[in-house]
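*Asks:* First the structure, then my questions, so here it is.
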Amino acid sequence: MKKKVPISIVCASHNGKKKLPKLLGSIYQNSYWPDEIIICGTNQRDFDYINTDKLKRLSIKKIISKIKNQRKQRKKAQNHAKNNIILQLDDDLILKNNFIELMFKHFKNNKEKKVVCALILINTNKRKSIVQSYRWNYFFHKNIIFRLVLRLFNFGKKIGYYSILPSGRICPLLPKNFSRKKKVFDKIEWTNSTICYEKSAIKDAINIINLKEKKSYYEDVIFSHSLYNKGYKLLLDTNINAYHPEFESLNINEHLKTLKAQFFIVKTFKKSYILFLLDALLATFYLLFRRYNVNL
């Protein structure tokens, strides 16, 4: 039996029947095991393939939500957690085998309020272990116009790592070739959704839930940045890795859906309405031109 640590993993899942066994299998392979795993699905069939004798050793709690909303489901899972340390995961991840051990070390003798996020990598047929935000970072480091526009939205200041611009735009910036110098980034303003935190942070954070949509855009950014504004230290530990399937680049339809969340960020965190409007218009025009193959 592997060493169990006082961590409650919470996971929201929808149509996760084929994804959950891969996530749980990677947890099983970890050097440390969590004390409990709480999965909130939307249908009993989400759990069809996780009832093996091997996975039953992981202390899995299965609950059902009638509402198909990732934030609502995650909140329901959090309410069932018995431990002080919460590790939040998506159902389509595969964890590196030291993931839980490295996360636990950040909180083993914790004396400060903090949120720790993992570096999410993508495995494809053509590439190995590339950063999830590789498209954005490649464009930033290669395109001077893109960099200048972002500087404009940042009042001429240098763009920080994992920062939020006055226009409400999320910047997943990382240093060029940073993977050769793995480290912890401790001056970031938001985190992704693969995070670890103490349960008390839930009450301190802004938790946005839009029950009309299955996907809550930027809810991870809003959750973590609201904690940042209350003095929590946000950390990106690039040694803690999980793997995510390849995904399509942002299209015009997804962009329009994110604008409401971006506006919420501007309104809630007192950013610039004028810069938001300019940002939204430029991004919309760019994606429309790209969609119809118009050369700029």
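Residue numbering restarts at 1 in every chain; chains get A, B, ... in the order shown in the structure tokens, and ligands count up from 1 in that same order.
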Taking a cut-off of 8 Å and counting only C-alpha atoms, can you build a table that, for each residue of segment 37-139 of chain A near segment 8-24 of chain A, reports the nearest atom pair and how far apart they are in Å (one decimal), sorted by chain then residue number, as a Markdown table?
*Replies:*
| residue | atom | partner | partner_atom | distance |
| --- | --- | --- | --- | --- |
| A:Ile37 | CA | A:Ile9 | CA | 4.6 |
| A:Ile38 | CA | A:Val10 | CA | 4.9 |
| A:Ile39 | CA | A:Cys11 | CA | 4.8 |
| A:Cys40 | CA | A:Ala12 | CA | 5.0 |
| A:Gly41 | CA | A:Ser13 | CA | 4.7 |
| A:Thr42 | CA | A:His14 | CA | 5.7 |
| A:Asn43 | CA | A:His14 | CA | 7.6 |
| A:Arg45 | CA | A:Lys17 | CA | 6.6 |
| A:Asp46 | CA | A:Lys17 | CA | 4.3 |
| A:Phe47 | CA | A:Lys17 | CA | 5.8 |
| A:Asp48 | CA | A:Lys17 | CA | 6.2 |
| A:Tyr49 | CA | A:Lys17 | CA | 6.3 |
| A:Ile50 | CA | A:Pro21 | CA | 5.6 |
| A:Leu55 | CA | A:Leu24 | CA | 7.0 |
| A:Lys68 | CA | A:His14 | CA | 7.2 |
| A:Gln70 | CA | A:Ala12 | CA | 5.7 |
| A:Arg71 | CA | A:Ala12 | CA | 7.8 |
| A:Gln73 | CA | A:Ala12 | CA | 5.4 |
| A:Arg74 | CA | A:Ala12 | CA | 5.1 |
| A:Ala77 | CA | A:Val10 | CA | 5.6 |
| A:Gln78 | CA | A:Val10 | CA | 6.3 |
| A:Ala81 | CA | A:Ser8 | CA | 5.9 |
| A:Lys82 | CA | A:Ser8 | CA | 7.0 |
| A:Asn83 | CA | A:Ser8 | CA | 5.7 |
| A:Asn84 | CA | A:Ser8 | CA | 7.8 |
| A:Ile85 | CA | A:Ser8 | CA | 6.3 |
| A:Ile86 | CA | A:Ser8 | CA | 5.0 |
| A:Leu87 | CA | A:Ile9 | CA | 4.6 |
| A:Gln88 | CA | A:Val10 | CA | 5.1 |
| A:Leu89 | CA | A:Cys11 | CA | 5.2 |
| A:Asp90 | CA | A:Cys11 | CA | 5.7 |
| A:Asp91 | CA | A:Ser13 | CA | 5.7 |
| A:Asp92 | CA | A:Lys19 | CA | 5.4 |
| A:Leu93 | CA | A:Leu23 | CA | 5.6 |
| A:Ile94 | CA | A:Leu23 | CA | 5.0 |
| A:Leu95 | CA | A:Leu23 | CA | 7.0 |
*Asks:* Using C-alpha atoms, can you export the residues from the last selection as an mmCIF file, in the first residue's frame?
*Replies:*
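again34.cif, written as the output of this step:
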data_model
loop_
_atom_site.group_PDB
_atom_site.id
_atom_site.type_symbol
_atom_site.label_atom_id
_atom_site.label_comp_id
_atom_site.auth_asym_id
_atom_site.auth_seq_id
_atom_site.Cartn_x
_atom_site.Cartn_y
_atom_site.Cartn_z
ATOM 1 C CA ILE A 37 -11.112 11.290 -4.492
ATOM 2 C CA ILE A 38 -14.501 12.948 -4.978
ATOM 3 C CA ILE A 39 -15.916 12.896 -8.495
ATOM 4 C CA CYS A 40 -19.100 14.764 -9.355
ATOM 5 C CA GLY A 41 -20.593 13.434 -12.577
ATOM 6 C CA THR A 42 -23.836 14.186 -14.376
ATOM 7 C CA ASN A 43 -24.877 10.599 -15.015
ATOM 8 C CA ARG A 45 -22.776 6.041 -16.647
ATOM 9 C CA ASP A 46 -19.839 8.423 -16.127
ATOM 10 C CA PHE A 47 -18.536 5.874 -13.608
ATOM 11 C CA ASP A 48 -19.018 2.706 -15.689
ATOM 12 C CA TYR A 49 -15.326 1.947 -16.186
ATOM 13 C CA ILE A 50 -13.826 2.834 -12.804
ATOM 14 C CA LEU A 55 -9.079 1.595 -8.708
ATOM 15 C CA LYS A 68 -24.328 20.129 -16.038
ATOM 16 C CA GLN A 70 -18.344 22.392 -14.184
ATOM 17 C CA ARG A 71 -18.218 25.059 -11.461
ATOM 18 C CA GLN A 73 -20.217 20.262 -9.927
ATOM 19 C CA ARG A 74 -16.830 21.207 -8.518
ATOM 20 C CA ALA A 77 -17.487 17.934 -4.729
ATOM 21 C CA GLN A 78 -15.732 20.487 -2.505
ATOM 22 C CA ALA A 81 -14.277 16.974 1.053
ATOM 23 C CA LYS A 82 -13.136 15.995 4.548
ATOM 24 C CA ASN A 83 -9.505 17.191 4.314
ATOM 25 C CA ASN A 84 -8.111 20.707 4.652
ATOM 26 C CA ILE A 85 -6.062 20.426 1.456
ATOM 27 C CA ILE A 86 -8.012 20.418 -1.812
ATOM 28 C CA LEU A 87 -6.468 19.267 -5.094
ATOM 29 C CA GLN A 88 -8.630 20.311 -8.015
ATOM 30 C CA LEU A 89 -8.406 18.319 -11.263
ATOM 31 C CA ASP A 90 -10.190 18.119 -14.617
ATOM 32 C CA ASP A 91 -11.376 14.706 -15.776
ATOM 33 C CA ASP A 92 -9.301 14.649 -18.969
ATOM 34 C CA LEU A 93 -5.866 14.909 -17.336
ATOM 35 C CA ILE A 94 -3.124 12.342 -16.905
ATOM 36 C CA LEU A 95 -0.841 13.089 -13.950
#
*Asks:* Please give the complete set of residues from segment 123-210 of chain A that DSSP, run on the backbone, assigns to strand (DSSP E or B), formatted as number ranges by chain.
*Replies:* A: 130-131, 163-164, 170-171, 184-185, 195-198
*Asks:* Those residues with N, CA and C atoms, as a PDB file, in the first residue's frame please?
*Replies:*
ATOM      1  N   ILE A 130       4.656  19.494 -24.934  1.00  0.00           N
ATOM      2  CA  ILE A 130       4.664  20.929 -25.189  1.00  0.00           C
ATOM      3  C   ILE A 130       3.686  21.609 -24.236  1.00  0.00           C
ATOM      4  N   VAL A 131       3.955  22.857 -23.909  1.00  0.00           N
ATOM      5  CA  VAL A 131       3.128  23.594 -22.962  1.00  0.00           C
ATOM      6  C   VAL A 131       1.741  23.838 -23.550  1.00  0.00           C
ATOM      7  N   SER A 163      -0.262  36.993 -16.342  1.00  0.00           N
ATOM      8  CA  SER A 163      -0.803  38.275 -15.886  1.00  0.00           C
ATOM      9  C   SER A 163      -2.162  38.545 -16.521  1.00  0.00           C
ATOM     10  N   ILE A 164      -2.827  39.575 -15.999  1.00  0.00           N
ATOM     11  CA  ILE A 164      -4.098  40.043 -16.541  1.00  0.00           C
ATOM     12  C   ILE A 164      -3.928  41.502 -16.921  1.00  0.00           C
ATOM     13  N   ILE A 170      -6.317  37.752 -20.622  1.00  0.00           N
ATOM     14  CA  ILE A 170      -5.493  36.802 -19.885  1.00  0.00           C
ATOM     15  C   ILE A 170      -4.233  36.504 -20.685  1.00  0.00           C
ATOM     16  N   CYS A 171      -3.071  36.647 -20.070  1.00  0.00           N
ATOM     17  CA  CYS A 171      -1.793  36.411 -20.747  1.00  0.00           C
ATOM     18  C   CYS A 171      -1.071  35.230 -20.103  1.00  0.00           C
ATOM     19  N   VAL A 184       9.885  27.590  -9.976  1.00  0.00           N
ATOM     20  CA  VAL A 184       8.580  28.015  -9.497  1.00  0.00           C
ATOM     21  C   VAL A 184       8.417  29.497  -9.797  1.00  0.00           C
ATOM     22  N   PHE A 185       7.331  29.852 -10.467  1.00  0.00           N
ATOM     23  CA  PHE A 185       7.011  31.255 -10.717  1.00  0.00           C
ATOM     24  C   PHE A 185       6.113  31.738  -9.580  1.00  0.00           C
ATOM     25  N   ILE A 195      -5.166  22.972  -9.648  1.00  0.00           N
ATOM     26  CA  ILE A 195      -4.579  23.709  -8.528  1.00  0.00           C
ATOM     27  C   ILE A 195      -4.773  22.980  -7.205  1.00  0.00           C
ATOM     28  N   CYS A 196      -3.967  23.405  -6.232  1.00  0.00           N
ATOM     29  CA  CYS A 196      -4.059  22.882  -4.871  1.00  0.00           C
ATOM     30  C   CYS A 196      -4.153  24.074  -3.915  1.00  0.00           C
ATOM     31  N   TYR A 197      -5.018  23.965  -2.905  1.00  0.00           N
ATOM     32  CA  TYR A 197      -5.225  25.069  -1.976  1.00  0.00           C
ATOM     33  C   TYR A 197      -5.865  24.533  -0.700  1.00  0.00           C
ATOM     34  N   GLU A 198      -5.843  25.337   0.344  1.00  0.00           N
ATOM     35  CA  GLU A 198      -6.515  24.953   1.582  1.00  0.00           C
ATOM     36  C   GLU A 198      -7.997  25.298   1.485  1.00  0.00           C
TER      37      GLU A 198
END
*Asks:* Determine, for each residue of segment 73-142 of chain A having at least one atom at most 9 Å from an atom of segment 236-246 of chain A, the closest pair of atoms and their separation in Å to one decimal, counting only C-alpha atoms; order by chain and ascending number, as a tab-separated table.
*Replies:*
residue	atom	partner	partner_atom	distance
A:Asp92	CA	A:His244	CA	6.4
A:Leu93	CA	A:His244	CA	5.1
A:Ile94	CA	A:Tyr243	CA	5.0
A:Leu95	CA	A:Ala242	CA	4.3
A:Lys96	CA	A:Ala242	CA	5.6
A:Asn97	CA	A:Asn241	CA	9.0
A:Asn98	CA	A:Ile240	CA	7.5
A:Phe99	CA	A:Ile240	CA	5.4
A:Ile100	CA	A:Ile240	CA	8.4
A:Leu102	CA	A:Ile240	CA	6.5
A:Met103	CA	A:Ile240	CA	7.2
A:Val115	CA	A:Leu236	CA	8.7
A:Val116	CA	A:Leu236	CA	5.9
A:Cys117	CA	A:Leu236	CA	5.0
A:Ala118	CA	A:Ile240	CA	5.0
A:Leu119	CA	A:Asn241	CA	5.1
A:Ile120	CA	A:Ala242	CA	5.1
A:Leu121	CA	A:Tyr243	CA	4.8
A:Ile122	CA	A:His244	CA	5.1
A:Asn123	CA	A:Pro245	CA	6.5
A:Thr124	CA	A:Glu246	CA	6.3
A:Ser129	CA	A:Tyr243	CA	7.8
A:Gln132	CA	A:His244	CA	7.7
*Asks:* Please write the residues from the selection above to a file, keeping N, CA and C atoms, as a compact mmCIF listing (two decimals), in the first residue's frame.
*Replies:*
# COMPACT_ATOMS: atom_id res chain seq x y z
N ASP A 92 -10.02 15.09 -17.77
CA ASP A 92 -9.30 14.65 -18.97
C ASP A 92 -7.78 14.77 -18.83
N LEU A 93 -7.30 14.81 -17.59
CA LEU A 93 -5.87 14.91 -17.34
C LEU A 93 -5.24 13.54 -17.09
N ILE A 94 -3.94 13.47 -17.32
CA ILE A 94 -3.12 12.34 -16.90
C ILE A 94 -1.96 12.91 -16.10
N LEU A 95 -1.83 12.50 -14.84
CA LEU A 95 -0.84 13.09 -13.95
C LEU A 95 0.51 12.39 -14.07
N LYS A 96 1.56 13.18 -13.98
CA LYS A 96 2.90 12.61 -13.86
C LYS A 96 3.00 11.90 -12.51
N ASN A 97 3.85 10.87 -12.42
CA ASN A 97 3.81 10.00 -11.24
C ASN A 97 4.30 10.63 -9.94
N ASN A 98 4.87 11.84 -9.99
CA ASN A 98 5.25 12.53 -8.74
C ASN A 98 4.35 13.74 -8.48
N PHE A 99 3.25 13.84 -9.17
CA PHE A 99 2.36 15.01 -9.12
C PHE A 99 1.85 15.27 -7.70
N ILE A 100 1.24 14.27 -7.09
CA ILE A 100 0.63 14.45 -5.77
C ILE A 100 1.69 14.71 -4.71
N LEU A 102 4.65 16.19 -5.06
CA LEU A 102 5.17 17.56 -5.16
C LEU A 102 4.15 18.59 -4.71
N MET A 103 2.87 18.36 -5.03
CA MET A 103 1.83 19.28 -4.55
C MET A 103 1.76 19.26 -3.03
N VAL A 115 -1.95 29.39 -3.39
CA VAL A 115 -2.56 28.48 -4.36
C VAL A 115 -1.45 28.04 -5.30
N VAL A 116 -1.32 26.74 -5.49
CA VAL A 116 -0.25 26.20 -6.33
C VAL A 116 -0.88 25.55 -7.56
N CYS A 117 -0.40 25.94 -8.73
CA CYS A 117 -0.91 25.33 -9.96
C CYS A 117 0.18 24.54 -10.67
N ALA A 118 -0.26 23.55 -11.43
CA ALA A 118 0.65 22.70 -12.18
C ALA A 118 0.89 23.28 -13.57
N LEU A 119 1.95 22.83 -14.20
CA LEU A 119 2.20 23.16 -15.60
C LEU A 119 1.55 22.07 -16.45
N ILE A 120 0.60 22.46 -17.28
CA ILE A 120 -0.13 21.50 -18.11
C ILE A 120 0.59 21.35 -19.45
N LEU A 121 0.85 20.11 -19.81
CA LEU A 121 1.55 19.78 -21.06
C LEU A 121 0.60 19.04 -21.99
N ILE A 122 0.95 19.08 -23.27
CA ILE A 122 0.15 18.40 -24.29
C ILE A 122 1.01 17.38 -25.01
N ASN A 123 0.46 16.20 -25.18
CA ASN A 123 1.11 15.19 -26.00
C ASN A 123 0.33 15.04 -27.31
N THR A 124 1.00 15.14 -28.42
CA THR A 124 0.38 14.93 -29.73
C THR A 124 1.19 13.89 -30.48
N SER A 129 5.30 16.63 -25.06
CA SER A 129 5.43 17.47 -23.87
C SER A 129 5.59 18.95 -24.18
N GLN A 132 0.71 23.77 -22.71
CA GLN A 132 -0.66 23.92 -23.17
C GLN A 132 -0.87 25.24 -23.92
*Asks:* Quick one: residues within 12 Å of Leu278 of chain A, only C-alpha atoms, excluding same-chain residues fewer than 4 positions away - as a CSV table (one decimal) with C-alpha atoms, in the first residue's frame?
*Replies:*
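Result went into out-v8.csv, see below:
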chain,number,residue,atom,x,y,z
A,149,VAL,CA,-0.6,45.6,-29.1
A,150,LEU,CA,-0.4,43.9,-25.7
A,152,LEU,CA,-0.6,49.1,-25.5
A,153,PHE,CA,-3.3,47.3,-23.5
A,166,PRO,CA,-6.1,46.3,-17.9
A,167,SER,CA,-8.3,45.2,-20.8
A,168,GLY,CA,-9.2,42.0,-18.9
A,169,ARG,CA,-7.1,39.9,-21.3
A,272,SER,CA,-10.4,49.6,-18.0
A,273,TYR,CA,-13.8,49.5,-19.9
A,274,ILE,CA,-12.3,51.5,-22.8
A,282,LEU,CA,-9.5,44.0,-32.4
A,283,ALA,CA,-9.6,40.3,-31.3
A,284,THR,CA,-13.0,39.9,-33.0
A,285,PHE,CA,-11.8,41.4,-36.3
*Asks:* Would you tabulate, counting only C-alpha atoms, all residues of segment 183-238 of chain A that have an atom at most 9 Å from an atom of segment 260-264 of chain A, showing the closest pair of atoms and their distance in Å to one decimal, sorted by chain then ascending number, as JSON lines?
*Replies:*
{"residue": "A:Ser216", "atom": "CA", "partner": "A:Ala261", "partner_atom": "CA", "distance": 8.3}
{"residue": "A:Tyr217", "atom": "CA", "partner": "A:Ala261", "partner_atom": "CA", "distance": 6.1}
{"residue": "A:Tyr218", "atom": "CA", "partner": "A:Ala261", "partner_atom": "CA", "distance": 6.3}
{"residue": "A:Glu219", "atom": "CA", "partner": "A:Ala261", "partner_atom": "CA", "distance": 8.1}
{"residue": "A:Ile222", "atom": "CA", "partner": "A:Phe264", "partner_atom": "CA", "distance": 8.8}
*Asks:* For the alpha helix (DSSP H) assignment from backbone DSSP, which residues of segment 130-191 of chain A qualify? Please present them as a tab-separated table (two decimals) with C-alpha atoms, in the first residue's frame.
*Replies:*
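See part02.tsv below for the written result:
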chain	number	residue	atom	x	y	z
A	134	TYR	CA	2.29	26.97	-26.72
A	135	ARG	CA	0.35	28.70	-29.52
A	136	TRP	CA	-0.07	31.90	-27.51
A	137	ASN	CA	3.57	31.90	-26.36
A	138	TYR	CA	4.91	31.13	-29.83
A	139	PHE	CA	2.90	34.00	-31.30
A	140	PHE	CA	4.03	36.37	-28.55
A	141	HIS	CA	7.74	35.62	-28.95
A	142	LYS	CA	7.64	35.62	-32.77
A	144	ILE	CA	6.34	41.97	-32.71
A	145	ILE	CA	2.94	43.48	-33.62
A	146	PHE	CA	1.20	41.17	-31.15
A	147	ARG	CA	3.66	42.18	-28.44
A	148	LEU	CA	3.21	45.88	-29.16
A	149	VAL	CA	-0.59	45.61	-29.06
A	150	LEU	CA	-0.44	43.85	-25.70
A	151	ARG	CA	1.91	46.53	-24.39
A	152	LEU	CA	-0.65	49.11	-25.50
A	153	PHE	CA	-3.35	47.32	-23.48
*Asks:* Rounded to one decimal, what separation in Å do you get between atom CA of Glu254 of chain A and atom CA of Ser133 of chain A?
*Replies:*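 Atom-to-atom, atom CA of Glu254 of chain A and atom CA of Ser133 of chain A are spaced 16.1 Å apart.
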*Asks:* If you measure from atom CA of Lys157 of chain A to atom CA of Trp190 of chain A, what distance in Å do you get, rounded to one decimal?
*Replies:* 18.1 Å
*Asks:* Counting only C-alpha atoms, what is within 7 Å of Thr191 of chain A, bar same-chain residues fewer than 2 positions away, as a list in words?
*Replies:*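 Skipping anything fewer than 2 positions along the chain leaves Cys117, Ser193, Asp220, Val221 and Ser224 of chain A.
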*Asks:* Store the residues picked out above in a file with C-alpha atoms, as a CSV table (one decimal), in the first residue's frame.
*Replies:*
chain,number,residue,atom,x,y,z
A,117,CYS,CA,-0.9,25.3,-10.0
A,193,SER,CA,-7.8,25.0,-13.0
A,220,ASP,CA,-10.3,29.4,-12.8
A,221,VAL,CA,-8.9,32.8,-13.5
A,224,SER,CA,-7.5,32.5,-8.3
